[in-house]
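Structure file target.txt with compact mmCIF, C-alpha atoms and all ligand atoms:
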# COMPACT_ATOMS: atom_id res chain seq x y z
CA GLY A 19 67.82 7.37 -263.67
CA LYS A 20 71.18 5.61 -263.52
CA PRO A 21 71.09 1.80 -263.60
CA CYS A 22 69.73 0.51 -260.27
CA ASP A 23 68.73 3.84 -258.86
CA LEU A 24 65.76 2.43 -256.92
CA THR A 25 63.57 5.48 -257.53
CA GLY A 26 60.22 4.55 -259.10
CA TRP A 27 57.63 1.79 -259.03
CA TRP A 28 58.47 -1.92 -258.58
CA GLU A 29 56.31 -5.06 -258.48
CA ASN A 30 57.26 -8.39 -256.91
CA ASP A 31 56.35 -12.05 -257.55
CA LEU A 32 53.46 -11.78 -255.09
CA GLY A 33 51.99 -8.80 -256.92
CA SER A 34 52.98 -6.36 -254.18
CA LYS A 35 54.00 -2.90 -255.38
CA MET A 36 56.70 -0.63 -253.99
CA HIS A 37 57.07 3.08 -254.74
CA VAL A 38 60.50 4.57 -253.96
CA LEU A 39 60.14 8.35 -253.92
CA GLU A 40 63.72 9.60 -254.26
CA VAL A 41 67.21 8.44 -253.37
CA ASP A 42 69.37 11.16 -251.81
CA SER A 43 73.12 11.63 -252.28
CA GLU A 44 73.79 9.31 -249.34
CA GLY A 45 71.64 6.55 -250.82
CA ASN A 46 68.81 7.01 -248.33
CA PHE A 47 65.25 6.71 -249.58
CA SER A 48 61.66 6.50 -248.45
CA GLY A 49 58.45 5.41 -250.09
CA GLU A 50 55.36 3.29 -249.77
CA TYR A 51 54.76 -0.43 -249.86
CA HIS A 52 51.49 -1.82 -251.18
CA THR A 53 51.46 -5.48 -250.17
CA ALA A 54 49.27 -7.84 -252.18
CA VAL A 55 49.13 -10.33 -249.29
CA SER A 56 48.79 -10.20 -245.52
CA SER A 57 48.20 -12.53 -242.57
CA THR A 58 45.72 -10.21 -240.97
CA ASP A 59 42.08 -9.98 -241.98
CA LYS A 60 42.11 -6.19 -241.68
CA PRO A 61 41.96 -4.30 -244.99
CA ILE A 62 45.44 -3.85 -246.41
CA GLN A 63 46.67 -0.24 -246.58
CA PRO A 64 49.79 1.24 -248.15
CA SER A 65 52.56 1.40 -245.52
CA PRO A 66 55.66 3.61 -245.25
CA LEU A 67 59.12 2.30 -246.03
CA VAL A 68 62.56 3.71 -245.35
CA GLY A 69 65.81 2.33 -246.68
CA SER A 70 69.31 2.84 -247.94
CA GLN A 71 71.14 1.72 -251.08
CA HIS A 72 74.71 1.77 -252.30
CA LEU A 73 75.30 4.01 -255.31
CA ASP A 74 77.75 1.79 -257.18
CA LYS A 75 78.73 2.74 -260.70
CA ASP A 76 78.08 -0.78 -262.00
CA GLY A 77 74.39 -0.56 -261.27
CA GLN A 78 74.40 -3.75 -259.17
CA CYS A 79 73.90 -2.08 -255.80
CA THR A 80 72.93 -3.70 -252.50
CA PHE A 81 70.19 -2.15 -250.37
CA GLY A 82 67.93 -2.64 -247.38
CA PHE A 83 64.60 -1.24 -246.33
CA THR A 84 62.09 -1.49 -243.51
CA VAL A 85 58.32 -1.51 -243.87
CA ASN A 86 56.24 -0.50 -240.87
CA TRP A 87 52.78 -1.96 -241.37
CA LYS A 88 51.54 0.74 -239.08
CA LYS A 89 47.97 1.00 -240.22
CA PHE A 90 46.64 -2.51 -240.48
CA SER A 91 48.87 -4.88 -238.57
CA ASP A 92 51.29 -4.59 -235.71
CA SER A 93 54.26 -5.98 -237.58
CA THR A 94 57.46 -4.92 -239.30
CA ALA A 95 59.32 -6.30 -242.30
CA VAL A 96 62.94 -5.77 -243.27
CA PHE A 97 64.10 -6.49 -246.81
CA VAL A 98 67.72 -6.84 -247.92
CA GLY A 99 68.85 -7.43 -251.47
CA GLN A 100 70.73 -6.52 -254.58
CA CYS A 101 69.78 -4.94 -257.89
CA PHE A 102 70.91 -6.67 -261.07
CA SER A 103 70.63 -4.95 -264.42
CA GLY A 104 70.41 -7.38 -267.32
CA ASP A 105 72.34 -6.77 -270.51
CA ASN A 106 69.11 -5.61 -272.15
CA GLY A 107 68.95 -2.92 -269.43
CA ASN A 108 66.07 -4.43 -267.45
CA GLU A 109 66.55 -4.36 -263.70
CA VAL A 110 65.56 -7.01 -261.15
CA LEU A 111 65.78 -6.81 -257.35
CA HIS A 112 66.56 -10.08 -255.56
CA THR A 113 65.57 -9.74 -251.91
CA SER A 114 65.28 -11.75 -248.71
CA TRP A 115 62.98 -10.56 -245.93
CA LEU A 116 62.20 -11.04 -242.25
CA LEU A 117 58.66 -10.34 -241.09
CA ARG A 118 58.13 -9.82 -237.36
CA GLU A 119 54.61 -9.83 -236.03
CA LYS A 120 53.85 -8.56 -232.56
CA VAL A 121 53.04 -11.44 -230.19
CA ASP A 122 51.25 -11.23 -226.87
CA SER A 123 53.83 -12.94 -224.69
CA LEU A 124 57.43 -14.10 -224.54
CA THR A 125 56.24 -17.67 -224.74
CA SER A 126 55.12 -16.91 -228.30
CA ASP A 127 58.33 -15.12 -229.27
CA TRP A 128 59.67 -18.28 -230.97
CA LYS A 129 56.99 -18.16 -233.65
CA ALA A 130 56.94 -14.43 -234.31
CA THR A 131 59.40 -14.13 -237.20
CA ARG A 132 58.83 -15.38 -240.74
CA THR A 133 61.39 -15.26 -243.52
CA GLY A 134 61.16 -15.45 -247.28
CA HIS A 135 62.35 -13.96 -250.53
CA ASN A 136 60.89 -11.83 -253.31
CA THR A 137 62.08 -10.61 -256.69
CA PHE A 138 60.92 -7.24 -258.00
CA ILE A 139 60.85 -5.86 -261.54
CA ARG A 140 60.44 -2.21 -262.47
CA THR A 141 56.95 -1.23 -263.54
CA SER A 142 57.53 2.43 -264.35
O1 LIG B 201 50.62 -9.53 -242.78
C1 LIG B 201 51.25 -8.66 -242.23
C2 LIG B 201 51.70 -7.39 -242.93
C3 LIG B 201 51.96 -7.61 -244.41
C4 LIG B 201 53.17 -8.48 -244.64
C5 LIG B 201 53.41 -8.70 -246.08
C6 LIG B 201 54.64 -9.58 -246.33
S1 LIG B 201 56.18 -8.73 -246.11
C7 LIG B 201 57.07 -10.02 -246.94
C8 LIG B 201 56.18 -10.52 -248.09
N1 LIG B 201 56.42 -9.79 -249.32
C9 LIG B 201 55.34 -9.06 -249.65
O2 LIG B 201 55.28 -8.33 -250.69
N2 LIG B 201 54.34 -9.21 -248.77
C10 LIG B 201 54.70 -10.16 -247.75
N3 LIG B 201 51.61 -8.72 -240.96
C11 LIG B 201 51.26 -9.77 -240.14
C12 LIG B 201 51.95 -10.98 -240.17
C13 LIG B 201 51.55 -12.02 -239.31
C14 LIG B 201 50.49 -11.83 -238.43
N4 LIG B 201 50.07 -12.88 -237.57
O3 LIG B 201 49.16 -12.63 -236.71
O4 LIG B 201 50.56 -14.03 -237.69
C15 LIG B 201 49.80 -10.62 -238.40
C16 LIG B 201 50.18 -9.58 -239.26
Whole structure, structure tokens version:
Amino acid sequence: GKPCDLTGWWENDLGSKMHVLEVDSEGNFSGEYHTAVSSTDKPIQPSPLVGSQHLDKDGQCTFGFTVNWKKFSDSTAVFVGQCFSGDNGNEVLHTSWLLREKVDSLTSDWKATRTGHNTFIRTS
């Protein structure tokens, strides 16, 4: 599609894979996130994602999406980032994320949110 239409398959520096199904005319999208890593010892399963991107002409759009790790861990991640398309047409997503795990009590709330960053390249 157009530069930085997020539709398709992406892989990040951890080896996680993201499949964005389709981006509608408002920039909303959904898909599936296949994380390569997890802090839980339950088997990892693909998890749903929903997000929204800008549809800028210059192909350097900003976006955000939420992953609900509903099946294997009671936690949620939000990613925010920007797509950059290199002069040779390849696209890279630079993202920051917040990962919130469910904790048992308020006294543990302080340690419940991790942050980090990932870059994604298109794999198909
Ligand atoms: O492990 C999880 C769910 C999977 C999180 C994957 C993260 S999302 C940001 C980063 N980018 C990726 O591609 N993958 C990682 N949830 C979780 C976290 C902590 C705890 N905990 O008990 O500490 C339990 C479950």
>> Applying 10 Å and all atoms listed in the file, which residues near Lys88 (chain A) remain after dropping the ones on its own chain fewer than 3 positions away? List them as an MDAnalysis selection string.
In response: chainID A and resid 63:66 85 91:94
> Taking only C-alpha atoms into account, which of A:Val98, A:Thr58, A:Leu73, A:Ser142 comes nearest Lys120 (chain A)?
Replying inline: A:Thr58
> What separation in Å, quoted to one decimal, exists between CA of Val110 (chain A) and CA of Gly82 (chain A)?
Replying inline: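 Distance reported for this atom pair: 14.6 Å.
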>> What's around Leu116 (chain A) at 9 Å? Count all atoms listed in the file, leave out sequence neighbours fewer than 5 positions away in its own chain, and write the answer as an NGL selection string.
In response: :A and (94-98 or 131-135)
>> Given all atoms listed in the file as the basis, pick out the residue of A:Ser123, A:Ser70, A:Ser56, A:Thr80 nearest to ligand LIG 201 (chain B).
In response: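 Smallest distance to ligand LIG 201 (chain B) is found for A:Ser56.
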> Quick one: residues within 12 Å of Lys75 (chain A), all atoms listed in the file counted, chain neighbours fewer than 4 positions away excluded, as number ranges by chain?
Replying inline: A: 20-23, 79-80, 103
> Can you tell me, as a list in words, what residues are no more than 12 Å from Glu50 (chain A) when counting only C-alpha atoms, ignoring any on the same chain fewer than 4 positions away?
Replying inline: Thr25, Gly26, Trp27, Trp28, Ser34, Lys35, Met36, His37, Val38, Leu39, Glu40, Gln63, Pro64, Ser65, Pro66, Leu67, Val68, Gly69, Phe83, Thr84, Val85, Asn86, Trp87 and Lys88 of chain A
> Taking all atoms listed in the file into account, which of A:Phe138, A:Lys129, A:Leu32, A:Asp122 comes nearest Gln100 (chain A)?
Replying inline: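 Nearest to Gln100 (chain A): A:Phe138.
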